[in-house]
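Trainee: The structure's right below; bear with me while I get my questions together.
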Amino acid sequence: MMNFKSITFFVVFLSCLLVSKAEKVEVVVEGATPIAQTDEDFICVTLDWWPTNKCDYDQCPWGQAGLFNLDLKNKILEKAVKAFHPLRIRVGGSLQDQVVYNVRNNIENCQPFQKQDKGFLFGFSIGCLDMKRWDELNEFFNQTRAKVTFGLNALIGRKESETEKTLWVGDWYSHNARDLMSYTISKGYTIDSYELGVSARIEAKQYAKDMATLKNLVKEMYPNPKTQPKILGPGGFYDKKWFDTFLDASGHDVIDGVTHHIYNLGPGNNPDVVRRVQDPFFLTQIAQTFKDVSNAIVKFAPWSGAWVSESGGAYNSGGQLVSYTFAFGFWYLDQLGMTSVYNHKVYCRQALTGGNYALLNTTTFVPNPDYYGALLWHRVMGSKVLSVTHKGSPYLRVYSHCAKKEPGVSFVFINLSKNTSFEIDLFHDLNLNGGSPNFEFKGHKKREEYHLTPKDGNILSSIVLLNGTPLELSDSLEIPELKPKLVDGLKPISISAHSIAFVIIRDFNAPECS
């Protein structure tokens, strides 16, 4: 019979085996032709209008991060944006439909949003943007070389229906937008795109009519096709009937980007959020939405492209204990992977700073873990998306693109499993017809690997390690350098439990990536 010490040793030994269990997985890449293509600047973040007293579930996580209050002189903020060179920034959010632009100085008492109990959307009054603040914002965008999408007020000129509550009726009044564009052009400010995204309900055919109005306005104000901003819409959540009707009625070449929002994790106080971000079956459910949007564009507006123009995972300012931690990266990077596979051009994260889901801490601007995942994606994942499959555990998520700016193939591996690590062997599918066997790939050049793990193995930590070293600002508040480790190309790729890895293989012979 075993004595107590023997039993204890056996249990500890068994636990170690379970924790260190490695599963071999064959990953097949088809590098002959891309399956989709993103914009070169796929990563995007939102700067939102929410005021300090935007509160959810007895907490007010926006602080001074709203567009009226944000400290645009903060050096960490500036350096965090500059690191992307460029970062696409969307100026917008739920309150954009309550912002008026005081271009002519004819709005008395031009003030930011005020809390209102009733009579206004989201419990806030109309907010007034004066040109001094618009100048300050554009100085920041110019300084950081940001690529700007501006969300216009789509409710000006409309009123709430007397017969159908929550429906807004009437034509969009474009005069205030014209004034803002005129001022913006006169100052030499560059806007990449304008979004007429709505936070209220409008009939699809009416909205299509308004998009045509915006398109004509932009053509008039920006006559040079080479510098003409793109037109985006409608924002909001995807509804098949509404989107199909809208796109069918919009007319040829009116809309450049079809935008929609994703908040598939439920409310921010949902205790199930941390489980959901680790559940591959839950994460995969949203793929149907991405596929449906992409299919609608192919059918009704093939000249345009799909954009996720706002995505925070959990609505009402993000998951309270999850959205700023390492765990949220499982959801975020998987979203980036899925949307790129389904031919989305741009993915806008809510938010750069503000709320629980911010890439930068709302108070200190110190980067949260997802900031580094976004930055690595931006730097190593090119615009051409490759087909990649495996028959291993569903807890291993894999996405592959041509490498950015240099020859080679880049991968992101997301290991949702707490206990299982993976040893990856790569195979190259060289036959488009599937008639030939796949060939195992053995690299002769060293691989570049970036392994992201949470501090102390705790996925609810807000500190992330790159190849075992904590990512922290330098004493001079510089964003840390992201250096890969170089690994023998003949060895399998090792992905530890509860980790995310970016891997670049320079000598992977993919014709599209040479």
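Scheme for the structure tokens: letters A, B, ... for chains in order shown; per-chain residue numbers from 1; ligand numbers from 1 in order shown.
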Considering only helix (DSSP H, G or I) as DSSP defines it on the backbone, what residues of region 287-423 of chain A qualify? List them as number ranges by chain.

Mentor: A: 287-300, 328-341, 369-380

Trainee: List as a JSON list (two decimals) with N, CA, C and O atoms, in the first residue's frame the protein and nucleic acid residues near Thr227 (chain A), meaning an atom at most 12 Å away when only C-alpha atoms are counted, but skip any in the same chain fewer than 2 places from it.

Mentor:
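Here's the written file part16.json:
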[["chain", "number", "residue", "atom", "x", "y", "z"],
["A", 185, "ILE", "N", -10.97, 72.35, -44.05],
["A", 185, "ILE", "CA", -10.20, 72.51, -45.29],
["A", 185, "ILE", "C", -9.38, 73.80, -45.25],
["A", 185, "ILE", "O", -8.20, 73.84, -45.63],
["A", 188, "GLY", "N", -6.25, 73.41, -43.41],
["A", 188, "GLY", "CA", -5.31, 72.41, -43.93],
["A", 188, "GLY", "C", -5.32, 71.10, -43.15],
["A", 188, "GLY", "O", -4.36, 70.32, -43.25],
["A", 189, "TYR", "N", -6.37, 70.85, -42.40],
["A", 189, "TYR", "CA", -6.45, 69.59, -41.63],
["A", 189, "TYR", "C", -6.88, 68.46, -42.55],
["A", 189, "TYR", "O", -7.75, 68.63, -43.40],
["A", 190, "THR", "N", -6.30, 67.28, -42.35],
["A", 190, "THR", "CA", -6.58, 66.13, -43.20],
["A", 190, "THR", "C", -7.54, 65.17, -42.50],
["A", 190, "THR", "O", -7.29, 64.73, -41.37],
["A", 191, "ILE", "N", -8.64, 64.85, -43.17],
["A", 191, "ILE", "CA", -9.59, 63.86, -42.68],
["A", 191, "ILE", "C", -9.60, 62.70, -43.67],
["A", 191, "ILE", "O", -9.82, 62.89, -44.86],
["A", 192, "ASP", "N", -9.35, 61.51, -43.18],
["A", 192, "ASP", "CA", -9.30, 60.34, -44.05],
["A", 192, "ASP", "C", -10.71, 59.90, -44.47],
["A", 192, "ASP", "O", -10.91, 59.46, -45.60],
["A", 193, "SER", "N", -11.67, 60.02, -43.54],
["A", 193, "SER", "CA", -13.02, 59.54, -43.83],
["A", 193, "SER", "C", -14.02, 60.19, -42.88],
["A", 193, "SER", "O", -13.70, 60.56, -41.75],
["A", 218, "VAL", "N", -19.31, 65.91, -49.87],
["A", 218, "VAL", "CA", -17.86, 65.66, -49.84],
["A", 218, "VAL", "C", -17.25, 65.88, -51.22],
["A", 218, "VAL", "O", -16.15, 66.45, -51.35],
["A", 219, "LYS", "N", -17.93, 65.46, -52.26],
["A", 219, "LYS", "CA", -17.43, 65.69, -53.62],
["A", 219, "LYS", "C", -17.31, 67.19, -53.92],
["A", 219, "LYS", "O", -16.36, 67.63, -54.58],
["A", 221, "MET", "N", -16.97, 69.66, -51.59],
["A", 221, "MET", "CA", -15.98, 70.30, -50.73],
["A", 221, "MET", "C", -14.55, 69.83, -51.01],
["A", 221, "MET", "O", -13.60, 70.56, -50.80],
["A", 222, "TYR", "N", -14.42, 68.60, -51.47],
["A", 222, "TYR", "CA", -13.11, 68.01, -51.76],
["A", 222, "TYR", "C", -13.12, 67.54, -53.22],
["A", 222, "TYR", "O", -13.24, 66.34, -53.50],
["A", 223, "PRO", "N", -13.00, 68.43, -54.19],
["A", 223, "PRO", "CA", -13.15, 68.06, -55.61],
["A", 223, "PRO", "C", -12.05, 67.14, -56.14],
["A", 223, "PRO", "O", -12.27, 66.45, -57.14],
["A", 224, "ASN", "N", -10.88, 67.12, -55.48],
["A", 224, "ASN", "CA", -9.78, 66.27, -55.96],
["A", 224, "ASN", "C", -10.00, 64.83, -55.50],
["A", 224, "ASN", "O", -9.95, 64.54, -54.29],
["A", 225, "PRO", "N", -10.26, 63.91, -56.44],
["A", 225, "PRO", "CA", -10.53, 62.52, -56.05],
["A", 225, "PRO", "C", -9.41, 61.88, -55.23],
["A", 225, "PRO", "O", -9.65, 60.99, -54.41],
["A", 229, "PRO", "N", -12.05, 62.49, -48.87],
["A", 229, "PRO", "CA", -12.29, 61.55, -47.77],
["A", 229, "PRO", "C", -13.30, 60.48, -48.16],
["A", 229, "PRO", "O", -14.21, 60.71, -48.96],
["A", 230, "LYS", "N", -13.13, 59.30, -47.59],
["A", 230, "LYS", "CA", -14.08, 58.21, -47.81],
["A", 230, "LYS", "C", -15.37, 58.47, -47.02],
["A", 230, "LYS", "O", -15.36, 59.20, -46.03]]

Trainee: Report the distance between CA of Leu72 (chain A) and CA of Trp331 (chain A) in Å, rounded to one decimal place.

Mentor: 29.2 Å

Trainee: Between A:His260, A:Lys82, A:Arg133, A:Lys75, single out the one closest to Leu196 (chain A), counting only C-alpha atoms.

Mentor: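 Ranking A:His260, A:Lys82, A:Arg133, A:Lys75 by distance to Leu196 (chain A), first place goes to A:His260.
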
Trainee: As JSON, numbers by chain, please: the residues near region 22-24 of chain A (cut-off 8 Å, only C-alpha atoms, same-chain neighbours under 5 positions excluded).

Mentor: {"A": [392, 420, 421, 422, 423, 424, 425]}

Trainee: Please produce a file of the residues just selected, as a PDB file, in the first residue's frame, where the atoms kept are C-alpha atoms.

Mentor:
ATOM      1  CA  GLY A 392      -6.179  20.036 -33.175  1.00  0.00           C
ATOM      2  CA  THR A 420      -2.470  22.625 -22.458  1.00  0.00           C
ATOM      3  CA  SER A 421       0.509  23.913 -24.394  1.00  0.00           C
ATOM      4  CA  PHE A 422       0.926  23.222 -28.107  1.00  0.00           C
ATOM      5  CA  GLU A 423       3.835  22.131 -30.298  1.00  0.00           C
ATOM      6  CA  ILE A 424       3.190  23.352 -33.830  1.00  0.00           C
ATOM      7  CA  ASP A 425       4.494  21.739 -37.029  1.00  0.00           C
TER       8      ASP A 425
END

Trainee: Pick out the residues sitting within 8 Å of region 49-55 of chain A, and hand them over as a PyMOL selection string; count only C-alpha atoms, and ignore anything fewer than 3 positions along from it in its own chain.

Mentor: chain A and resi 58-69+92-96+113+115

Trainee: Output N, CA, C and O atoms for every residue in the selection just made, as a short mmCIF file (atom, residue, chain, number, x, y, z; two decimals), in the first residue's frame.

Mentor:
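Resulting contents of selection-v8.cif:
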data_model
loop_
_atom_site.label_atom_id
_atom_site.label_comp_id
_atom_site.auth_asym_id
_atom_site.auth_seq_id
_atom_site.Cartn_x
_atom_site.Cartn_y
_atom_site.Cartn_z
N ASP A 58 -22.57 51.72 -10.95
CA ASP A 58 -21.99 52.41 -9.79
C ASP A 58 -20.51 52.72 -9.95
O ASP A 58 -19.79 52.88 -8.97
N GLN A 59 -20.02 52.79 -11.18
CA GLN A 59 -18.65 53.28 -11.39
C GLN A 59 -18.64 54.18 -12.62
O GLN A 59 -19.47 54.03 -13.53
N CYS A 60 -17.70 55.13 -12.61
CA CYS A 60 -17.62 56.13 -13.68
C CYS A 60 -16.22 56.06 -14.30
O CYS A 60 -15.32 56.83 -13.92
N PRO A 61 -16.00 55.13 -15.25
CA PRO A 61 -14.65 54.81 -15.70
C PRO A 61 -14.08 55.69 -16.81
O PRO A 61 -13.02 55.38 -17.34
N TRP A 62 -14.79 56.78 -17.16
CA TRP A 62 -14.29 57.58 -18.26
C TRP A 62 -13.36 58.70 -17.83
O TRP A 62 -12.52 59.17 -18.63
N GLY A 63 -13.44 59.12 -16.59
CA GLY A 63 -12.53 60.16 -16.11
C GLY A 63 -12.47 61.35 -17.05
O GLY A 63 -13.49 61.85 -17.52
N GLN A 64 -11.27 61.79 -17.37
CA GLN A 64 -11.05 62.94 -18.26
C GLN A 64 -10.71 62.50 -19.69
O GLN A 64 -10.08 63.23 -20.44
N ALA A 65 -11.16 61.28 -20.06
CA ALA A 65 -10.75 60.71 -21.35
C ALA A 65 -11.61 61.14 -22.52
O ALA A 65 -11.27 60.88 -23.67
N GLY A 66 -12.76 61.78 -22.27
CA GLY A 66 -13.63 62.22 -23.36
C GLY A 66 -12.98 63.30 -24.20
O GLY A 66 -12.06 64.00 -23.77
N LEU A 67 -13.48 63.50 -25.41
CA LEU A 67 -12.86 64.42 -26.36
C LEU A 67 -12.84 65.87 -25.88
O LEU A 67 -11.96 66.64 -26.24
N PHE A 68 -13.82 66.25 -25.06
CA PHE A 68 -13.82 67.62 -24.54
C PHE A 68 -12.79 67.81 -23.42
O PHE A 68 -12.36 68.94 -23.16
N ASN A 69 -12.39 66.73 -22.75
CA ASN A 69 -11.54 66.84 -21.56
C ASN A 69 -10.13 66.28 -21.71
O ASN A 69 -9.26 66.57 -20.90
N GLY A 92 -15.61 59.70 -32.44
CA GLY A 92 -17.04 59.42 -32.49
C GLY A 92 -17.53 58.69 -31.25
O GLY A 92 -16.94 58.79 -30.19
N GLY A 93 -18.60 57.94 -31.44
CA GLY A 93 -19.23 57.24 -30.32
C GLY A 93 -20.70 57.60 -30.22
O GLY A 93 -21.24 58.38 -31.02
N SER A 94 -21.36 57.06 -29.21
CA SER A 94 -22.81 57.20 -29.07
C SER A 94 -23.28 58.65 -29.08
O SER A 94 -24.34 58.98 -29.62
N LEU A 95 -22.49 59.56 -28.50
CA LEU A 95 -22.93 60.95 -28.38
C LEU A 95 -22.62 61.81 -29.61
O LEU A 95 -22.94 63.01 -29.62
N GLN A 96 -22.03 61.23 -30.65
CA GLN A 96 -21.69 62.05 -31.83
C GLN A 96 -22.94 62.65 -32.48
O GLN A 96 -22.86 63.70 -33.12
N PHE A 113 -21.26 68.44 -22.99
CA PHE A 113 -22.49 67.76 -22.57
C PHE A 113 -22.81 68.00 -21.09
O PHE A 113 -21.91 68.06 -20.25
N LYS A 115 -25.47 66.59 -17.96
CA LYS A 115 -26.34 65.49 -17.55
C LYS A 115 -27.80 65.94 -17.57
O LYS A 115 -28.14 67.00 -17.04
#

Trainee: I'd like the neighbourhood of Ser499 (chain A) as a count of residues only, where a residue qualifies if any of its atoms comes within 8 Å (using only C-alpha atoms), though same-chain residues fewer than 3 positions away should be ignored.

Mentor: 9

Trainee: Contacts of Thr46 (chain A) at 9 Å or less, counting only C-alpha atoms, minus same-chain residues fewer than 4 places along, as a PyMOL selection string?

Mentor: chain A and resi 88-93+309-310+348-353

Trainee: Keeping only C-alpha atoms, write those residues as a short mmCIF file (atom, residue, chain, number, x, y, z; two decimals), in the first residue's frame.

Mentor:
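The file below, out-v2.cif, is the result:
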data_model
loop_
_atom_site.label_atom_id
_atom_site.label_comp_id
_atom_site.auth_asym_id
_atom_site.auth_seq_id
_atom_site.Cartn_x
_atom_site.Cartn_y
_atom_site.Cartn_z
CA ARG A 88 -6.14 55.18 -37.43
CA ILE A 89 -8.29 57.15 -34.95
CA ARG A 90 -12.07 57.34 -35.12
CA VAL A 91 -13.55 60.44 -33.49
CA GLY A 92 -17.04 59.42 -32.49
CA GLY A 93 -19.23 57.24 -30.32
CA SER A 309 -16.17 50.93 -36.68
CA GLU A 310 -16.69 50.29 -32.96
CA CYS A 348 -11.88 50.03 -34.60
CA ARG A 349 -11.39 49.22 -30.93
CA GLN A 350 -13.39 51.09 -28.30
CA ALA A 351 -11.44 52.95 -26.96
CA LEU A 352 -7.93 54.41 -27.06
CA THR A 353 -8.48 55.68 -23.53
#

Trainee: Between A:Ile202, A:Gly197, A:Leu77, A:Ser186, which residue has the minimum interatomic distance to Lys159 (chain A), considering only C-alpha atoms?

Mentor: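 Looking only at the distances to Lys159 (chain A), the closest residue turns out to be A:Ile202.
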
Trainee: Rank nothing, just name the residue among A:Ser323, A:Ser304, A:Thr363, A:Thr259 nearest to Tyr347 (chain A), using only C-alpha atoms.

Mentor: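 Result for the nearest residue to Tyr347 (chain A): A:Thr259.
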
Trainee: Expressed in Å to a single decimal, how great is the separation between CA of Leu333 (chain A) and CA of Val398 (chain A)?

Mentor: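 Atom-to-atom, CA of Leu333 (chain A) and CA of Val398 (chain A) are spaced 10.2 Å apart.
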
Trainee: Which one of A:Thr364, A:Thr166, A:Asn295, A:Asn105 sits closest to Asn74 (chain A) if you count only C-alpha atoms?

Mentor: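 Looking at the shortest contact to Asn74 (chain A), the residue is A:Thr364.
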
Trainee: Report the distance between CA of Gly319 (chain A) and CA of Asp239 (chain A) in Å, rounded to one decimal place.

Mentor: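 For CA of Gly319 (chain A) relative to CA of Asp239 (chain A), the distance reads 24.5 Å.
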
Trainee: I'd like to know which residues of region 336-487 of chain A are strand (DSSP E or B) (by DSSP, run on the backbone); could you write them as a PyMOL selection string?

Mentor: chain A and resi 344-349+353+360+367+381-390+396-403+409-415+421-428+439-440+447-454+464-466+469-470+485-487

Trainee: Would you please work out which residue, of A:Lys405, A:Arg447, A:His390, A:Lys132, is nearest to Val29 (chain A) when using only C-alpha atoms?

Mentor: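 When distances to Val29 (chain A) are compared using only C-alpha atoms, the smallest one comes from A:His390.
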
Trainee: Which residue, A:Asp135, A:Asp292, A:Asp370, A:Asp179, has the smallest gap to Ala327 (chain A) when you use only C-alpha atoms?

Mentor: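 That would be A:Asp370, the residue with the smallest distance to Ala327 (chain A).
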